[in-house]
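Asker: As input, take final01.txt (compact mmCIF, C-alpha atoms and all ligand atoms):
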# COMPACT_ATOMS: atom_id res chain seq x y z
CA MET A 1 -20.46 -7.67 -12.13
CA PRO A 2 -17.37 -8.33 -10.04
CA LYS A 3 -15.14 -5.37 -9.22
CA ILE A 4 -11.53 -4.29 -8.95
CA TYR A 5 -10.25 -3.22 -5.56
CA ILE A 6 -6.87 -1.81 -4.58
CA VAL A 7 -4.77 -3.35 -1.82
CA ASP A 8 -1.81 -1.06 -1.39
CA VAL A 9 1.35 -2.69 -0.06
CA THR A 10 3.61 0.37 0.28
CA ASN A 11 3.79 -0.11 4.05
CA ARG A 12 4.90 -3.73 3.63
CA ASP A 13 6.57 -4.50 0.29
CA GLY A 14 7.56 -0.85 -0.17
CA VAL A 15 9.34 -0.48 3.14
CA GLN A 16 10.99 -3.92 3.11
CA THR A 17 12.80 -2.84 -0.05
CA SER A 18 16.53 -2.26 0.06
CA ARG A 19 17.42 1.36 0.85
CA ILE A 20 13.81 2.50 1.15
CA CYS A 21 12.38 3.29 4.57
CA LEU A 22 9.59 5.13 6.26
CA SER A 23 9.30 6.11 9.90
CA LYS A 24 6.28 4.76 11.77
CA LEU A 25 4.72 8.23 11.67
CA GLN A 26 5.27 8.39 7.90
CA LYS A 27 3.70 4.93 7.49
CA THR A 28 0.71 6.23 9.45
CA MET A 29 0.43 9.23 7.13
CA ILE A 30 0.46 6.90 4.12
CA ASN A 31 -2.45 4.98 5.67
CA LEU A 32 -4.36 8.24 6.19
CA PHE A 33 -3.75 9.33 2.59
CA LEU A 34 -4.77 5.90 1.26
CA ASP A 35 -7.98 6.10 3.30
CA GLU A 36 -8.82 9.50 1.85
CA MET A 37 -8.11 8.19 -1.61
CA GLY A 38 -10.70 5.44 -1.13
CA VAL A 39 -8.22 2.57 -1.30
CA PHE A 40 -9.80 -0.66 -0.04
CA GLN A 41 -6.94 -2.03 2.05
CA SER A 42 -3.45 -1.21 3.23
CA GLU A 43 -1.07 -4.03 3.99
CA PHE A 44 0.22 -1.97 6.86
CA GLY A 45 3.09 -4.04 8.23
CA PHE A 46 4.45 -7.09 9.96
CA PRO A 47 2.70 -8.13 13.18
CA THR A 48 5.52 -10.49 14.09
CA THR A 49 8.19 -7.75 13.96
CA ASN A 50 8.73 -6.15 17.34
CA HIS A 51 9.51 -2.60 16.24
CA GLU A 52 6.22 -2.49 14.30
CA LEU A 53 3.94 -3.28 17.22
CA ASN A 54 3.19 0.14 18.69
CA TYR A 55 2.67 1.52 15.20
CA LEU A 56 0.36 -1.36 14.24
CA ASN A 57 -1.72 -1.17 17.40
CA ALA A 58 -1.90 2.63 17.19
CA ASN A 59 -3.16 2.40 13.61
CA LEU A 60 -5.72 -0.21 14.61
CA LYS A 61 -6.91 2.38 17.16
CA LEU A 62 -7.29 4.88 14.31
CA VAL A 63 -9.71 2.39 12.76
CA GLU A 64 -11.59 1.88 16.04
CA LYS A 65 -11.95 5.65 16.42
CA LYS A 66 -13.04 5.97 12.80
CA ILE A 67 -10.16 8.33 12.05
CA LEU A 68 -9.31 5.81 9.33
CA LYS A 69 -12.81 5.61 7.92
CA HIS A 70 -12.91 2.81 5.38
CA LEU A 71 -9.40 1.48 4.95
CA ARG A 72 -8.86 -2.12 6.00
CA LEU A 73 -5.53 -2.71 7.70
CA SER A 74 -3.99 -6.08 7.02
CA GLY A 75 -0.83 -7.68 8.31
CA TRP A 76 1.62 -9.88 6.44
CA VAL A 77 2.88 -13.08 8.06
CA ARG A 78 4.33 -16.36 6.90
CA ALA A 79 1.74 -19.14 6.52
CA ILE A 80 3.01 -20.81 9.65
CA LYS A 81 0.82 -21.55 12.67
CA GLY A 82 3.30 -19.97 15.10
CA ASP A 83 3.45 -16.71 13.10
CA VAL A 84 -0.32 -16.42 13.09
CA GLU A 85 -0.48 -16.98 16.84
CA THR A 86 2.25 -14.38 17.43
CA ALA A 87 0.42 -11.91 15.18
CA PHE A 88 -2.75 -12.11 17.25
CA LYS A 89 -0.77 -11.95 20.50
CA ASN A 90 1.04 -8.82 19.30
CA ALA A 91 -1.92 -7.10 17.66
CA PRO A 92 -5.07 -8.54 19.25
CA SER A 93 -7.52 -6.39 17.31
CA ILE A 94 -6.10 -7.19 13.90
CA LYS A 95 -8.87 -8.45 11.61
CA TYR A 96 -7.16 -8.99 8.28
CA LEU A 97 -4.10 -11.00 7.40
CA ASN A 98 -2.28 -12.31 4.37
CA LEU A 99 -0.46 -15.58 4.93
CA SER A 100 2.47 -16.23 2.65
CA ILE A 101 4.28 -19.36 1.53
CA SER A 102 6.24 -20.28 -1.61
CA THR A 103 4.67 -22.53 -4.22
CA SER A 104 7.23 -22.79 -7.04
CA ASP A 105 9.51 -25.77 -7.66
CA GLN A 106 12.42 -23.34 -7.53
CA MET A 107 11.62 -22.10 -4.04
CA ILE A 108 10.33 -25.34 -2.56
CA LYS A 109 13.51 -27.11 -3.70
CA HIS A 110 16.11 -24.39 -3.40
CA LYS A 111 14.78 -22.17 -0.61
CA PHE A 112 13.13 -24.68 1.71
CA GLN A 113 15.84 -27.23 0.81
CA GLY A 114 14.00 -30.26 2.14
CA LYS A 115 12.60 -28.61 5.29
CA ILE A 116 9.13 -28.72 3.81
CA ASP A 117 7.78 -30.41 0.67
CA TYR A 118 4.75 -29.81 -1.59
CA LYS A 119 2.33 -31.52 0.80
CA GLY A 120 3.91 -29.70 3.73
CA VAL A 121 3.42 -26.32 2.07
CA ILE A 122 -0.30 -26.96 1.65
CA LYS A 123 -0.61 -28.38 5.15
CA SER A 124 1.14 -25.40 6.76
CA MET A 125 -1.02 -22.96 4.78
CA SER A 126 -4.30 -24.75 5.61
CA GLN A 127 -3.40 -25.06 9.26
CA SER A 128 -2.48 -21.39 9.56
CA VAL A 129 -5.72 -20.33 7.86
CA GLY A 130 -7.64 -22.43 10.41
CA VAL A 131 -5.75 -20.89 13.33
CA ALA A 132 -6.21 -17.34 12.02
CA LYS A 133 -9.97 -17.90 11.64
CA LYS A 134 -10.18 -19.29 15.15
CA LEU A 135 -8.27 -16.33 16.56
CA GLY A 136 -10.67 -13.84 14.99
CA ALA A 137 -9.56 -13.06 11.44
CA GLN A 138 -12.48 -11.64 9.47
CA ALA A 139 -10.88 -11.97 6.06
CA LEU A 140 -7.78 -13.83 4.99
CA GLY A 141 -5.70 -13.84 1.90
CA VAL A 142 -3.34 -16.68 1.13
CA ASN A 143 -0.22 -15.73 -0.82
CA ALA A 144 1.25 -18.15 -3.31
CA GLU A 145 4.76 -16.73 -3.41
CA ASP A 146 6.38 -17.08 -6.84
CA ALA A 147 3.03 -18.15 -8.30
CA SER A 148 4.12 -17.05 -11.78
CA ARG A 149 6.88 -19.68 -11.77
CA SER A 150 4.76 -22.36 -10.04
CA ARG A 151 3.28 -25.36 -11.82
CA ILE A 152 -0.34 -24.60 -12.63
CA GLU A 153 -1.62 -27.97 -11.36
CA TYR A 154 0.03 -27.32 -8.01
CA LEU A 155 -1.42 -23.80 -7.86
CA VAL A 156 -4.87 -25.24 -8.48
CA GLU A 157 -4.37 -27.75 -5.66
CA PHE A 158 -3.09 -24.94 -3.41
CA ALA A 159 -6.05 -22.68 -4.29
CA GLN A 160 -8.56 -25.45 -3.59
CA ALA A 161 -6.95 -26.23 -0.24
CA ALA A 162 -6.95 -22.51 0.65
CA LYS A 163 -10.63 -22.24 -0.19
CA ASP A 164 -11.47 -25.41 1.73
CA ALA A 165 -9.60 -24.10 4.77
CA GLY A 166 -11.67 -20.91 4.69
CA ALA A 167 -9.37 -18.39 2.97
CA ASP A 168 -11.20 -15.53 1.32
CA ARG A 169 -8.70 -14.75 -1.42
CA LEU A 170 -5.76 -16.22 -3.25
CA ARG A 171 -2.86 -13.84 -3.81
CA TYR A 172 -1.19 -14.68 -7.09
CA CYS A 173 2.33 -13.36 -6.56
CA ASP A 174 4.41 -12.56 -9.59
CA THR A 175 7.27 -12.30 -7.17
CA LEU A 176 10.02 -11.92 -9.74
CA GLY A 177 8.05 -9.97 -12.33
CA PHE A 178 8.24 -12.96 -14.65
CA ASP A 179 4.71 -12.85 -16.03
CA THR A 180 3.69 -11.03 -19.18
CA PRO A 181 0.14 -9.76 -19.73
CA SER A 182 -0.78 -12.78 -21.83
CA SER A 183 0.79 -15.36 -19.51
CA ILE A 184 -0.88 -13.99 -16.38
CA TYR A 185 -4.24 -13.78 -18.15
CA ASP A 186 -3.98 -17.43 -19.17
CA ARG A 187 -2.73 -18.70 -15.83
CA ILE A 188 -5.31 -16.90 -13.69
CA SER A 189 -8.07 -18.04 -16.06
CA GLN A 190 -6.83 -21.62 -15.72
CA ILE A 191 -6.83 -21.48 -11.91
CA LEU A 192 -10.29 -19.93 -11.80
CA GLU A 193 -11.69 -22.46 -14.23
CA LYS A 194 -10.98 -25.10 -11.59
CA VAL A 195 -11.38 -23.14 -8.32
CA LYS A 196 -13.62 -20.09 -7.94
CA ILE A 197 -11.95 -17.85 -5.39
CA PRO A 198 -11.42 -14.05 -5.43
CA ILE A 199 -7.91 -13.22 -6.57
CA GLU A 200 -5.25 -10.80 -5.47
CA ILE A 201 -2.73 -9.80 -8.10
CA HIS A 202 0.77 -8.96 -6.91
CA CYS A 203 3.10 -8.05 -9.77
CA HIS A 204 6.68 -6.85 -9.71
CA ASN A 205 8.32 -4.72 -12.34
CA ASP A 206 11.55 -6.55 -13.19
CA LEU A 207 10.59 -6.54 -16.89
CA GLY A 208 8.81 -3.20 -16.73
CA LEU A 209 5.49 -5.06 -16.96
CA GLY A 210 4.19 -4.65 -13.39
CA VAL A 211 1.22 -2.47 -14.26
CA ALA A 212 0.46 -4.23 -17.58
CA SER A 213 0.46 -7.67 -15.97
CA SER A 214 -1.68 -6.44 -13.07
CA VAL A 215 -4.24 -5.11 -15.52
CA ALA A 216 -4.28 -8.34 -17.55
CA GLY A 217 -4.48 -10.51 -14.42
CA ALA A 218 -7.39 -8.46 -13.16
CA GLN A 219 -9.16 -8.81 -16.52
CA ALA A 220 -8.80 -12.58 -16.26
CA ALA A 221 -10.32 -12.62 -12.78
CA ILE A 222 -13.27 -10.43 -13.75
CA ASP A 223 -13.84 -12.37 -16.97
CA SER A 224 -13.96 -15.51 -14.82
CA GLY A 225 -16.56 -13.91 -12.55
CA VAL A 226 -14.65 -13.13 -9.34
CA ASP A 227 -13.64 -9.91 -7.57
CA VAL A 228 -10.02 -8.93 -7.91
CA TYR A 229 -7.69 -7.05 -5.59
CA ILE A 230 -4.65 -5.45 -7.20
CA ASN A 231 -1.58 -4.91 -5.06
CA THR A 232 0.10 -1.55 -5.64
CA CYS A 233 2.74 0.70 -4.13
CA VAL A 234 2.75 4.49 -4.08
CA ASN A 235 5.15 5.75 -6.76
CA GLY A 236 5.77 2.15 -7.80
CA VAL A 237 8.33 1.41 -5.08
CA GLY A 238 8.82 -2.17 -3.92
CA GLU A 239 11.41 -4.93 -3.99
CA ARG A 240 14.09 -4.44 -6.70
CA ALA A 241 12.44 -2.74 -9.72
CA GLY A 242 9.28 -2.14 -7.69
CA ASN A 243 5.63 -3.14 -7.56
CA ALA A 244 2.77 -1.99 -9.78
CA ASP A 245 2.35 1.74 -9.31
CA LEU A 246 -0.86 2.79 -7.52
CA ILE A 247 -1.74 5.74 -9.72
CA SER A 248 -0.85 4.04 -13.02
CA VAL A 249 -3.10 1.07 -12.23
CA ILE A 250 -6.05 3.35 -11.47
CA LEU A 251 -5.42 5.46 -14.58
CA ALA A 252 -5.22 2.32 -16.71
CA PHE A 253 -8.67 1.17 -15.67
CA LYS A 254 -10.15 4.65 -16.04
CA TYR A 255 -8.69 5.47 -19.44
CA GLY A 256 -7.16 2.34 -20.97
CA SER A 257 -8.45 1.21 -24.32
CA GLY A 258 -10.93 -1.62 -23.99
CA LEU A 259 -11.05 -1.48 -20.19
CA LYS A 260 -14.31 0.44 -19.72
CA LYS A 261 -16.29 -2.66 -18.78
CA TYR A 262 -13.92 -3.47 -15.89
CA LYS A 263 -15.20 -1.47 -12.95
CA ILE A 264 -12.80 -0.19 -10.35
CA ASP A 265 -14.01 0.40 -6.78
CA ASP A 266 -16.11 3.57 -7.00
CA ARG A 267 -14.72 4.89 -3.72
CA ILE A 268 -11.39 5.57 -5.44
CA ASN A 269 -10.76 9.32 -5.59
CA LEU A 270 -7.93 10.23 -7.92
CA LYS A 271 -8.04 13.84 -6.69
CA LYS A 272 -5.76 12.71 -3.87
CA ALA A 273 -3.17 11.27 -6.25
CA TRP A 274 -0.95 14.33 -6.37
CA LYS A 275 -0.89 14.70 -2.57
CA ILE A 276 -0.08 11.08 -1.75
CA SER A 277 2.57 10.87 -4.43
CA LYS A 278 4.26 14.10 -3.30
CA TYR A 279 4.13 13.08 0.34
CA ALA A 280 5.55 9.62 -0.34
CA SER A 281 8.32 11.12 -2.44
CA TYR A 282 9.27 13.46 0.40
CA ALA A 283 9.03 10.74 3.04
CA PHE A 284 11.07 8.22 1.01
CA GLY A 285 13.52 10.89 -0.09
CA ILE A 286 13.04 9.68 -3.69
CA PRO A 287 12.03 12.18 -6.39
CA ILE A 288 8.99 11.40 -8.53
CA ALA A 289 10.31 10.45 -11.97
CA ILE A 290 9.84 13.35 -14.41
CA ASN A 291 7.89 11.04 -16.74
CA HIS A 292 5.83 9.29 -14.04
CA PRO A 293 2.25 8.72 -15.31
CA GLY A 294 -0.11 11.38 -13.97
CA VAL A 295 2.14 12.86 -11.30
CA GLY A 296 5.51 13.36 -13.02
CA ALA A 297 6.63 16.92 -13.77
CA ASN A 298 6.32 16.22 -17.50
CA ALA A 299 3.00 14.37 -17.38
CA PHE A 300 1.21 17.49 -18.67
CA ALA A 301 4.15 19.46 -20.13
CA HIS A 302 4.44 20.31 -23.83
CA GLU A 303 7.27 22.07 -25.59
CA SER A 304 7.70 20.92 -29.17
CA GLY A 305 5.89 23.13 -31.67
CA ILE A 306 3.22 20.74 -32.86
CA HIS A 307 2.45 19.36 -29.39
CA ALA A 308 2.26 22.75 -27.64
CA ASP A 309 0.06 24.15 -30.41
CA GLY A 310 -2.19 21.10 -30.32
CA ALA A 311 -2.50 21.05 -26.51
CA LEU A 312 -3.37 24.75 -26.46
CA LYS A 313 -6.06 24.31 -29.12
CA ASP A 314 -7.67 21.37 -27.36
CA ARG A 315 -6.14 19.50 -24.42
CA ARG A 316 -7.44 16.21 -25.79
CA ASN A 317 -5.07 16.53 -28.72
CA TYR A 318 -2.17 15.55 -26.48
CA GLU A 319 -3.59 14.75 -23.04
CA LEU A 320 -5.47 11.54 -22.36
CA TYR A 321 -6.89 12.78 -19.06
CA ASP A 322 -7.08 16.05 -17.13
CA TYR A 323 -4.48 17.14 -14.59
CA GLU A 324 -7.29 18.47 -12.37
CA GLU A 325 -8.55 14.93 -11.93
CA LEU A 326 -5.31 14.03 -10.17
CA GLY A 327 -5.54 17.00 -7.84
CA ARG A 328 -2.99 18.99 -9.83
CA GLY A 329 -3.20 22.56 -11.03
CA GLU A 330 -3.10 24.55 -7.82
CA LEU A 331 -0.28 27.02 -7.40
CA GLU A 332 2.16 26.05 -4.66
CA VAL A 333 3.39 29.12 -2.84
CA ILE A 334 6.86 29.12 -1.31
CA ASP A 335 7.62 31.81 1.27
CA THR A 336 10.99 33.29 0.40
CA GLY A 337 11.16 35.58 3.45
CA ARG A 338 11.43 34.75 7.15
CA ASN A 339 10.42 31.22 7.91
CA ILE A 340 9.85 29.85 11.40
CA THR A 341 9.91 26.08 11.49
CA VAL A 342 9.38 23.67 14.36
CA GLY A 343 11.54 20.68 15.22
CA GLU A 344 13.41 18.77 17.88
CA TYR A 345 15.04 21.81 19.54
CA SER A 346 12.15 24.26 19.19
CA GLY A 347 10.70 26.42 21.94
CA ILE A 348 7.14 27.47 22.66
CA LYS A 349 7.22 30.80 20.77
CA GLY A 350 8.27 29.34 17.43
CA PHE A 351 5.89 26.44 17.97
CA ARG A 352 2.98 28.84 18.58
CA ASN A 353 3.86 30.76 15.41
CA VAL A 354 3.81 27.61 13.27
CA TYR A 355 0.54 26.31 14.72
CA ASP A 356 -1.15 29.75 14.44
CA LYS A 357 -0.46 29.59 10.71
CA LEU A 358 -2.08 26.14 10.62
CA GLU A 359 -5.05 27.72 12.44
CA ILE A 360 -4.79 25.24 15.29
CA LYS A 361 -5.61 26.62 18.73
CA PHE A 362 -4.78 25.03 22.07
CA LYS A 363 -7.07 25.27 25.07
CA ASP A 364 -4.27 26.35 27.40
CA ASP A 365 -0.51 26.63 27.76
CA LYS A 366 -0.27 23.12 29.24
CA GLU A 367 -1.79 21.58 26.13
CA ALA A 368 0.45 23.63 23.84
CA ARG A 369 3.56 22.48 25.70
CA LYS A 370 2.42 18.88 25.52
CA ILE A 371 2.07 19.09 21.74
CA LEU A 372 5.42 20.88 21.47
CA GLU A 373 7.04 17.97 23.30
CA LEU A 374 5.38 15.55 20.86
CA VAL A 375 6.53 17.61 17.89
CA ARG A 376 10.12 17.45 19.17
CA TYR A 377 9.92 13.69 19.46
CA ALA A 378 8.26 13.36 16.07
CA ASN A 379 11.11 15.28 14.49
CA VAL A 380 13.68 13.08 16.22
CA HIS A 381 11.71 10.09 14.96
CA ASN A 382 11.39 11.28 11.33
CA GLN A 383 14.77 13.02 11.06
CA LYS A 384 13.39 15.45 8.53
CA SER A 385 11.24 18.56 8.74
CA LEU A 386 7.67 17.79 9.65
CA VAL A 387 5.05 18.68 7.06
CA ASP A 388 1.75 20.44 7.85
CA ARG A 389 -0.18 17.21 7.62
CA GLU A 390 2.02 15.60 10.27
CA LEU A 391 1.86 18.65 12.54
CA LYS A 392 -1.93 18.63 12.37
CA PHE A 393 -2.03 14.90 13.15
CA LEU A 394 0.14 15.42 16.25
CA ALA A 395 -2.18 18.14 17.55
CA ARG A 396 -5.38 16.23 16.82
CA HIS A 397 -4.40 12.77 18.01
CA PRO A 398 -1.61 13.25 20.56
CA ASP A 399 -2.12 9.98 22.45
CA ILE A 400 -2.08 7.88 19.29
CA ALA A 401 0.91 9.83 17.97
CA LYS A 402 2.80 9.17 21.19
CA MET A 403 2.15 5.47 20.87
CA ILE A 404 3.32 5.44 17.23
CA PHE A 405 6.80 6.63 17.99
CA THR A 406 7.28 5.04 21.36
CA MET A 407 9.83 2.33 20.84
CA GLU A 408 11.71 0.12 23.23
CA PRO A 409 13.81 -2.68 21.74
CA ARG A 410 12.82 -6.09 23.12
CA ILE A 411 16.29 -7.45 23.62
ZN ZN A 501 6.28 -8.39 -3.52
Can you turn what I pasted into structure tokens?

Answerer:
Amino acid sequence: MPKIYIVDVTNRDGVQTSRICLSKLQKTMINLFLDEMGVFQSEFGFPTTNHELNYLNANLKLVEKKILKHLRLSGWVRAIKGDVETAFKNAPSIKYLNLSISTSDQMIKHKFQGKIDYKGVIKSMSQSVGVAKKLGAQALGVNAEDASRSRIEYLVEFAQAAKDAGADRLRYCDTLGFDTPSSIYDRISQILEKVKIPIEIHCHNDLGLGVASSVAGAQAAIDSGVDVYINTCVNGVGERAGNADLISVILAFKYGSGLKKYKIDDRINLKKAWKISKYASYAFGIPIAINHPGVGANAFAHESGIHADGALKDRRNYELYDYEELGRGELEVIDTGRNITVGEYSGIKGFRNVYDKLEIKFKDDKEARKILELVRYANVHNQKSLVDRELKFLARHPDIAKMIFTMEPRI
């Protein structure tokens, strides 16, 4: 039976979104959280963008050193030969890429405006797949941008050409959130009837249907006998109204009516949901919506008489799943007395105090001062208080951390 895998795109679609940013250290933390959560792949950035390069190469080192244990790191580039070549020049050990090009009449006519036609789109995609394979890509996805508004016959032709060129997956991009659950089910079934290729589903939320369409698209792929890879973002961020939310998609397949037979990657560990969502919220500076599925403040709150009474008698009366499963339920203690923090102007005494509480020891004073210097830089880099998880990362992997926030504009 084919399976459902998660390809999280927070570090690509999420951060390219207007007014949403993450520092390179924060992006690294998201990768570490995704890895712990058992997510299959993180689209971790843009290997043709200069300010990403140290971060990308440092994260590829985390894979080499098995600090990122299972997570695949994939880059996003345009399906253009030159972009693929630049990607491998900039990040030589990159193994996974998604190559993107528009396939709708709207975009081919009104975005490319005659620079490239239908045949040219397929040629550029096929050529770039060939180049990526030659340069060492182990798995490649080909993105049909605006697939939901593309003519189905052209998508079939595009999918066949991608498969012939050696692509491993076709990313069906509902770039404008135009699909509905029934339309995406039909369209993906139609493509797969003609061309058998594993599918990635990339849905946006402009109509509030991002998660629903992702679920329906995945059902179509599995019903047609291929593996499916759903694109998500932590807390549902992403261009405009966002992408399909990571936690909601997982919850849907675990608890949705009629979805039992669709098996989601068994490495997924929802216990980490609360932590990743809270961290992302802090890093983005965007509160988790009070009614967010699973992780919102009200997701397990009951006040009205009948609901509170029912939930107290038996949680299943008003709760579809348990808060413990999402890693919720622990008390969070806030120290209201003296609080020593560490940041860009800290000295060694305060630093020692903070790290003692984290139970991290240094072999000598020289090492402690080195980590203090890194902590100062990390705080300059993040421009917000560092959390325990970040402080621990700096102490454990100082050389990689240094690389992550070393940045020199190539101008
Ligand atoms: Zn997108």

Asker: Compare A:Thr48, A:Thr406, A:Asn291, A:Thr175 by their minimum atom-to-atom distance to ligand ZN 501 (chain A), counting all atoms listed in the file, and give me the closest one.

Answerer: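 Ranking A:Thr48, A:Thr406, A:Asn291, A:Thr175 by distance to ligand ZN 501 (chain A), first place goes to A:Thr175.
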
Asker: Once you count only C-alpha atoms and all ligand atoms, which residues end up within 9 Å of ligand ZN 501 (chain A), and could you hand them over as a PyMOL selection string?

Answerer: chain A and resi 9+12-14+145+173-176+202-204+231+238-239+242-243

Asker: Calculated over only C-alpha atoms, which of the candidates A:Gln138, A:Leu331, A:Asp8, A:Asn205 has the smallest distance to A:Val39?

Answerer: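 Comparing A:Gln138, A:Leu331, A:Asp8, A:Asn205 against A:Val39, the winner is A:Asp8.
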
Asker: Could you check how far atom CA of A:Gly327 sits from atom CA of A:Asn235, in Å to one decimal?

Answerer: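 A separation of 15.6 Å between them.
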
Asker: Between atom CA of A:Arg19 and atom CA of A:Ile6, measure the distance and give it in Å to one decimal.

Answerer: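 Rounded to one decimal, the two atoms are 25.1 Å apart.
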
Asker: How close does each residue of stretch 93-180 of chain A get to stretch 61-69 of chain A, giving the shortest atom pair and distance in Å to one decimal for every residue with an atom at most 12 Å away, counting all atoms listed in the file, sorted by chain and residue number, as CSV?

Answerer:
residue,atom,partner,partner_atom,distance
A:Ser93,CA,A:Lys61,CA,8.8
A:Ile94,CA,A:Lys61,CA,10.1
A:Lys95,CA,A:Val63,CA,10.9

Asker: Residues as selected, C-alpha atoms, written as an mmCIF file, in the frame of the given file, can you do that?

Answerer:
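Full text of again14.cif as output:
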data_model
loop_
_atom_site.group_PDB
_atom_site.id
_atom_site.type_symbol
_atom_site.label_atom_id
_atom_site.label_comp_id
_atom_site.auth_asym_id
_atom_site.auth_seq_id
_atom_site.Cartn_x
_atom_site.Cartn_y
_atom_site.Cartn_z
ATOM 1 C CA SER A 93 -7.520 -6.390 17.310
ATOM 2 C CA ILE A 94 -6.100 -7.190 13.900
ATOM 3 C CA LYS A 95 -8.870 -8.450 11.610
#

Asker: Between atom CA of A:Glu408 and atom CA of A:Leu34, what is the distance, to one decimal in Å?

Answerer: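 Those two atoms sit 28.1 Å apart.
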
Asker: When distances are computed from only C-alpha atoms, which of A:Gly177, A:Gly329, A:Gly45, A:Gly141 shows the smallest separation from A:Glu200?

Answerer: A:Gly141

Asker: Restricting the calculation to only C-alpha atoms, which member of A:Glu52, A:Asp223, A:Ala58, A:Val234 is positioned closest to A:Pro409?

Answerer: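 Among A:Glu52, A:Asp223, A:Ala58, A:Val234, it is A:Glu52 that comes nearest to A:Pro409.
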